[in-house]
Structure formats: C-alpha cells, structure tokens
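S.K.: Before we start, here is the structure in question, set down as structure tokens.
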Amino acid sequence: MGETLVTELFGDSARRREARRRTAREFRKERTAAESAVAFAMAACGGLGAGEVLARRYGHHLVPPAWTERLNAELRALLWGDPAVELAGYLLWIAGMALLLLAVLPGYARTELLRGDDPAVSAALSREGLRRSLADAALGTPGVVRARVRVGRRITVRAKARRGTPPEALVPLRRAVLARLEEIGPQRRRAVAVRLGRGG
Amino acid sequence: MARGGLALTGLALCGASGVLLGLNRFLGDRPVLGEGTSGFIARNPWFWPAVAGLLTAVAVLGTCWLLIQGRTAALRRFSLLGGRRKALTNEAVAGLTREVLELPGVHDVRVRFTGTRSRPRVMLQILCHESADLGLLLARISEDSLVRFREVIEMPDLHAVLRFRLVYQETRIA
C-alpha cells in the first residue's frame with residue numbers, strides 16, 4: 001500500500017509537471033513575424049546568391065552586372081579598419097542579440113498561466129483579469145469601499161474602508177483575497193501584501 | 001524548431017559580428033577585397049561551387065522553415081478535417097459550447113476546433129464574471145465537458161486550450 005501511494009504521488013507530481021510544461025509552451029508568445037522574416041530572408045538571399053553564382057558559370061546574370069561591378073569596386077576600396085565595417089559589425093551583433101532574446105524570452109508577461117493536473121488541458125487568464133478578480137474579492141469584504149490591486153513580482157492590494165471600520169477588517173480582507181487567488185490558481189506563486197486604509 | 005531556428009540564426013549573426021569586428025581591429029589597413037583574396041579565389045576552382053552549395057543549403061533551409069511556419073500557423077487556426085468527421089466535430093463543438101454556457105459565472109464562450117485527426121486541438125475563449133470561481137470552472141470543463149467531447153469526436157489525444165477573460169463591472173457600489 002505504501003508503495004502504491006508513493007507511485008501515485010510521484011505519478012501525480014509528474015503529471016502536474018507535464019501539465020505545467022505544456023501550458024507554458026502553449027501560451028508562449030508566437031514569434032511568427034520574426035521567424036517568417038528570417039526564413040524569408042534566408043530563402044531569398046540564399047536563392048538569389050546561389051542563382052547568381054550558377055548563372056555566371058554559364059555566362060548569364062540574375063543581378064545586373066553593373067551592380068556587381070560596383071559592389072566589387074567598393075569592396076576593393078573599403079578597408080577592414082573603416083568605420084563602416086565597424087558599424088556593420090555592431091549592427092550584426094544587435095540583430096543577433098535581438099533574435100536570441102526573441103528566441104529565449106517566453107513573451108507571455110500579460111498572461112497568467114493557471115495550474116492544472118491534466119497535461120491535455122492548458123489554461124490561462126489575462127493579468128488584467130487576475131487583477132480585477134482580486135479587486136472584486138477585496139470589494140466583497142464588509143466595510144471595503146475601494147480596492148486597487150497591483151500584480152507584479154508580488155501582489156499588492158490597497159483597499160480603503162468606510163469610516164468607523166475596525167482595523168480587524170484587514171483579516172477578512174486578506175482571507176478573501178487569498179481565497180480568490182487560490183480559486184483562480186495561477187501557476188506563479190507570489191507573496192501577497194494587503195493594506196487597508198480608512199476614511200473612504 | 002522555430003524558436004531554435006531563431007536562436008541559431010541569432011548566434012550565427014553574433015558570430016559573424018565577432019569575426020567582422022575582429023577583422024576590423026586586426027586587419028585595419030588591408031582592403032576587404034584585396035589581391036590576396038582575389039588570388040585565393042582564382043587558385044581554388046572549388047571556391048564558387050562551394051559558395052553556391054552553401055547558399056543553396058541556406059535557401060533550402062529558409063524555404064523549409066517558411067513551409068513549416070505556414071503549416072504550424074494553419075494547424076493552430078484552422079481545422080483540416082473533412083467529410084463525416086468534420087460534421088461530427090461541428091456538432092460536438094456546438095454541444096460543448098452549450099454545456100460550458102450553462103456553467104455558473106460564464107457569460108459567453110467561443111469554441112474552435114483546429115488541427116488534424118492526429119494532432120487535434122480545441123480552443124475555448126471563455127468570458128466570465130469577475131467573481132466567477134475559475135478553479136471550479138476549469139475543473140468542471142476539464143473533468144466533465146472535455147472528457148465527453150473527446151469521446152464523442154473519438155480523439156482521446158485532443159489538447160484543449162482555455163483562455164479565460166473577465167467581464168468587468170465598471171462601477172461597483174460596495
């Protein structure tokens with residue numbers, strides 16, 4: 001029985017990890033524009049270059065000869081130490097880093113991925129939706145008349161209570177916010193700070 | 001594959017940048033296309049065929065990448081089913097839509113089936129009230145509605161993607 005329980009626990013935790021991984025992959029921002037641009041540039045430049053080399057072998061041209069002669073002349077006149085070469089080097093570096101960042105960064109900053117046990121289901125809520133739902137939970141607490149929620153590295157709830165509301169109202173407020181957060185179940189766990197001011 | 005391709009291209013560009021900046025630093029007074037380079041090309045008849053081969057490989061890689069991009073984008077947006085299976089799926093989608101609409105807190109839902117028989121996906125955009133219990137909705141949809149949907153369309157490997165959006169009450173009187 002103990003062995004079955006351990007197997008089930010490990011199995012469940014493996015399913016949760018798989019669910020988490022699939023959800024992250026599903027909601028990762030598509031880099032369609034960048035990928036299409038790079039792929040098109042590769043196909044076009046590679047095709048044109050290969051075509052020009054093969055055409056020249058048989059005495060023809062894809063690119064007007066005047067252009068290639070001009071390019072040759074400019075490359076003969078250009079020195080490696082020229083500022084234009086240095087600029088080209090830095091531009092290549094910037095372009096390379098931009099592509100690396102696009103590839104590496106997930107890009108779903110405005111989406112909150114939700115926890116789940118099923119790898120076949122991926123779910124998410126907008127960050128704005130999370131913010132509003134928590135504000136709604138805060139406003140549902142007796143005595144609270146205004147609530148502002150900030151969702152960043154941590155969640156900060158600033159609420160204003162009616163005059164005469166006792167300081168102990170902070171307890172149900174915090175409980176309501178935490179309960180709503182637990183219901184929503186975002187994958188990313190954050191610290192929650194709840195502040196209650198009075199005189200609204 | 002796609003992001004890996006971006007990363008590799010990025011690395012290649014950074015590498016090329018390093019080479020260019022190195023040549024800029026250490027061969028400052030030599031021309032980019034000098035007698036040495038011209039002589040090397042003239043002495044080695046394999047040079048231009050090798051360049052053509054490399055450029056052809058780049059063109060083929062780029063074209064394949066474009067085709068894969070196009071296919072992936074189509075699979076994420078459209079259903080590539082036909083005939084009887086398409087009709088069955090459309091009916092099942094209508095049923096799933098009705099079921100989800102009946103869940104507490106749900107204002108509206110849009111269900112879209114995409115992909116192929118071997119790689120099916122269903123996307124649900126669920127509009128619900130800001131006080132809706134999303135955890136409960138997610139559990140009900142995953143454990144009940146989607147299980148039935150998979151059985152009806154006979155696709156046990158179906159992946160479901162749920163996007164929750166909230167309807168906001170603009171003014172709230174507490």
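Note on naming: chains are A, B, ... as they come in the structure tokens, residues start from 1 per chain, ligands start from 1 in the order shown.
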Counting only C-alpha atoms, which residues from chain A have an atom at most 6 Å from any atom of chain B, and could you show them as a ChimeraX atom specification?

M.R.: /A:39,42-43,46-47,50,75-76,78-81,86,89,92-93,96,99-100,103,120-125,129,133,145,183-184

S.K.: Those selected residues, please, written with N, CA and C atoms and delivered as a PDB file, in the first residue's frame.

M.R.:
ATOM      1  N   ALA A  39      13.215  33.533 -42.067  1.00  0.00           N
ATOM      2  CA  ALA A  39      13.126  32.430 -43.039  1.00  0.00           C
ATOM      3  C   ALA A  39      13.063  32.978 -44.462  1.00  0.00           C
ATOM      4  N   MET A  42      16.467  34.271 -45.506  1.00  0.00           N
ATOM      5  CA  MET A  42      17.364  33.156 -45.826  1.00  0.00           C
ATOM      6  C   MET A  42      17.043  32.596 -47.210  1.00  0.00           C
ATOM      7  N   ALA A  43      15.745  32.367 -47.455  1.00  0.00           N
ATOM      8  CA  ALA A  43      15.347  31.774 -48.742  1.00  0.00           C
ATOM      9  C   ALA A  43      15.691  32.720 -49.891  1.00  0.00           C
ATOM     10  N   GLY A  46      19.729  33.433 -50.008  1.00  0.00           N
ATOM     11  CA  GLY A  46      20.398  32.200 -50.407  1.00  0.00           C
ATOM     12  C   GLY A  46      20.070  31.841 -51.839  1.00  0.00           C
ATOM     13  N   GLY A  47      18.789  31.934 -52.191  1.00  0.00           N
ATOM     14  CA  GLY A  47      18.366  31.593 -53.545  1.00  0.00           C
ATOM     15  C   GLY A  47      18.965  32.521 -54.588  1.00  0.00           C
ATOM     16  N   ALA A  50      22.875  31.914 -54.759  1.00  0.00           N
ATOM     17  CA  ALA A  50      23.197  30.657 -55.448  1.00  0.00           C
ATOM     18  C   ALA A  50      22.856  30.776 -56.929  1.00  0.00           C
ATOM     19  N   LEU A  75      34.164  47.221 -52.495  1.00  0.00           N
ATOM     20  CA  LEU A  75      34.852  46.319 -51.560  1.00  0.00           C
ATOM     21  C   LEU A  75      36.364  46.425 -51.724  1.00  0.00           C
ATOM     22  N   ARG A  76      36.838  46.699 -52.950  1.00  0.00           N
ATOM     23  CA  ARG A  76      38.286  46.864 -53.145  1.00  0.00           C
ATOM     24  C   ARG A  76      38.768  48.159 -52.476  1.00  0.00           C
ATOM     25  N   LEU A  78      37.253  49.617 -49.885  1.00  0.00           N
ATOM     26  CA  LEU A  78      36.961  49.605 -48.451  1.00  0.00           C
ATOM     27  C   LEU A  78      38.050  48.857 -47.676  1.00  0.00           C
ATOM     28  N   LEU A  79      38.505  49.471 -46.583  1.00  0.00           N
ATOM     29  CA  LEU A  79      39.492  48.811 -45.733  1.00  0.00           C
ATOM     30  C   LEU A  79      38.771  48.145 -44.560  1.00  0.00           C
ATOM     31  N   TRP A  80      39.373  47.084 -44.006  1.00  0.00           N
ATOM     32  CA  TRP A  80      38.788  46.404 -42.853  1.00  0.00           C
ATOM     33  C   TRP A  80      38.650  47.350 -41.661  1.00  0.00           C
ATOM     34  N   GLY A  81      39.556  48.324 -41.570  1.00  0.00           N
ATOM     35  CA  GLY A  81      39.541  49.247 -40.429  1.00  0.00           C
ATOM     36  C   GLY A  81      38.554  50.389 -40.593  1.00  0.00           C
ATOM     37  N   GLU A  86      33.099  48.579 -38.951  1.00  0.00           N
ATOM     38  CA  GLU A  86      32.845  48.502 -37.508  1.00  0.00           C
ATOM     39  C   GLU A  86      31.341  48.632 -37.230  1.00  0.00           C
ATOM     40  N   GLY A  89      29.555  45.542 -38.101  1.00  0.00           N
ATOM     41  CA  GLY A  89      29.798  44.538 -37.060  1.00  0.00           C
ATOM     42  C   GLY A  89      28.850  44.719 -35.880  1.00  0.00           C
ATOM     43  N   LEU A  92      25.245  43.859 -36.822  1.00  0.00           N
ATOM     44  CA  LEU A  92      25.058  42.407 -36.836  1.00  0.00           C
ATOM     45  C   LEU A  92      24.894  41.878 -35.410  1.00  0.00           C
ATOM     46  N   TRP A  93      25.679  42.425 -34.497  1.00  0.00           N
ATOM     47  CA  TRP A  93      25.611  41.981 -33.102  1.00  0.00           C
ATOM     48  C   TRP A  93      24.250  42.309 -32.501  1.00  0.00           C
ATOM     49  N   GLY A  96      21.695  39.974 -33.974  1.00  0.00           N
ATOM     50  CA  GLY A  96      21.860  38.636 -33.399  1.00  0.00           C
ATOM     51  C   GLY A  96      21.316  38.553 -31.987  1.00  0.00           C
ATOM     52  N   LEU A  99      17.492  38.584 -31.992  1.00  0.00           N
ATOM     53  CA  LEU A  99      16.922  37.269 -32.325  1.00  0.00           C
ATOM     54  C   LEU A  99      17.073  36.296 -31.159  1.00  0.00           C
ATOM     55  N   LEU A 100      18.221  36.343 -30.485  1.00  0.00           N
ATOM     56  CA  LEU A 100      18.440  35.450 -29.336  1.00  0.00           C
ATOM     57  C   LEU A 100      17.423  35.737 -28.238  1.00  0.00           C
ATOM     58  N   ALA A 103      14.072  34.490 -29.119  1.00  0.00           N
ATOM     59  CA  ALA A 103      14.009  33.028 -29.018  1.00  0.00           C
ATOM     60  C   ALA A 103      13.914  32.570 -27.566  1.00  0.00           C
ATOM     61  N   ALA A 120      -3.343  17.452 -20.789  1.00  0.00           N
ATOM     62  CA  ALA A 120      -4.081  17.666 -22.040  1.00  0.00           C
ATOM     63  C   ALA A 120      -4.905  18.941 -22.018  1.00  0.00           C
ATOM     64  N   VAL A 121      -4.818  19.696 -20.918  1.00  0.00           N
ATOM     65  CA  VAL A 121      -5.572  20.948 -20.809  1.00  0.00           C
ATOM     66  C   VAL A 121      -4.626  22.060 -20.377  1.00  0.00           C
ATOM     67  N   SER A 122      -4.602  23.142 -21.161  1.00  0.00           N
ATOM     68  CA  SER A 122      -3.790  24.315 -20.807  1.00  0.00           C
ATOM     69  C   SER A 122      -4.727  25.495 -20.627  1.00  0.00           C
ATOM     70  N   ALA A 123      -4.541  26.237 -19.536  1.00  0.00           N
ATOM     71  CA  ALA A 123      -5.461  27.344 -19.267  1.00  0.00           C
ATOM     72  C   ALA A 123      -4.704  28.571 -18.826  1.00  0.00           C
ATOM     73  N   ALA A 124      -5.264  29.728 -19.161  1.00  0.00           N
ATOM     74  CA  ALA A 124      -4.633  30.989 -18.772  1.00  0.00           C
ATOM     75  C   ALA A 124      -5.693  32.063 -18.621  1.00  0.00           C
ATOM     76  N   LEU A 125      -5.308  33.082 -17.855  1.00  0.00           N
ATOM     77  CA  LEU A 125      -6.159  34.249 -17.627  1.00  0.00           C
ATOM     78  C   LEU A 125      -5.280  35.466 -17.894  1.00  0.00           C
ATOM     79  N   GLY A 129      -7.242  40.452 -15.935  1.00  0.00           N
ATOM     80  CA  GLY A 129      -8.326  39.665 -15.351  1.00  0.00           C
ATOM     81  C   GLY A 129      -8.015  39.237 -13.928  1.00  0.00           C
ATOM     82  N   SER A 133     -10.187  40.416 -10.748  1.00  0.00           N
ATOM     83  CA  SER A 133     -10.853  39.408  -9.925  1.00  0.00           C
ATOM     84  C   SER A 133     -10.472  39.570  -8.460  1.00  0.00           C
ATOM     85  N   VAL A 145     -14.621  49.950   0.582  1.00  0.00           N
ATOM     86  CA  VAL A 145     -15.323  50.737  -0.448  1.00  0.00           C
ATOM     87  C   VAL A 145     -14.498  50.933  -1.719  1.00  0.00           C
ATOM     88  N   GLU A 183      -8.561  30.066  -5.597  1.00  0.00           N
ATOM     89  CA  GLU A 183      -9.582  29.584  -6.551  1.00  0.00           C
ATOM     90  C   GLU A 183      -9.079  29.722  -7.985  1.00  0.00           C
ATOM     91  N   ILE A 184      -8.493  30.867  -8.270  1.00  0.00           N
ATOM     92  CA  ILE A 184      -8.003  31.113  -9.631  1.00  0.00           C
ATOM     93  C   ILE A 184      -6.847  30.155  -9.943  1.00  0.00           C
TER      94      ILE A 184
END

S.K.: At a cut-off of 10 Å, using only C-alpha atoms, what residues contact Val171 of chain A? Leave out same-chain residues fewer than 3 positions from it and give the result as a ChimeraX atom specification.

M.R.: /A:141,167-168,174-176,194,196

S.K.: Give me, please, the distance in Å between atom CA of Arg180 of chain A and atom CA of Pro142 of chain A, quoted to one decimal.

M.R.: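 Interatomic distance here is 15.6 Å.
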
S.K.: Please compute the atom CA of Pro119 of chain A-atom CA of Arg16 of chain A distance, one decimal, in Å.

M.R.: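 If I compute the distance from atom CA of Pro119 of chain A to atom CA of Arg16 of chain A, I get 7.1 Å.
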
S.K.: So how many Å separate atom CA of Glu102 of chain B and atom CA of Leu88 of chain B, to one decimal?

M.R.: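 Between atom CA of Glu102 of chain B and atom CA of Leu88 of chain B the gap is 21.7 Å.
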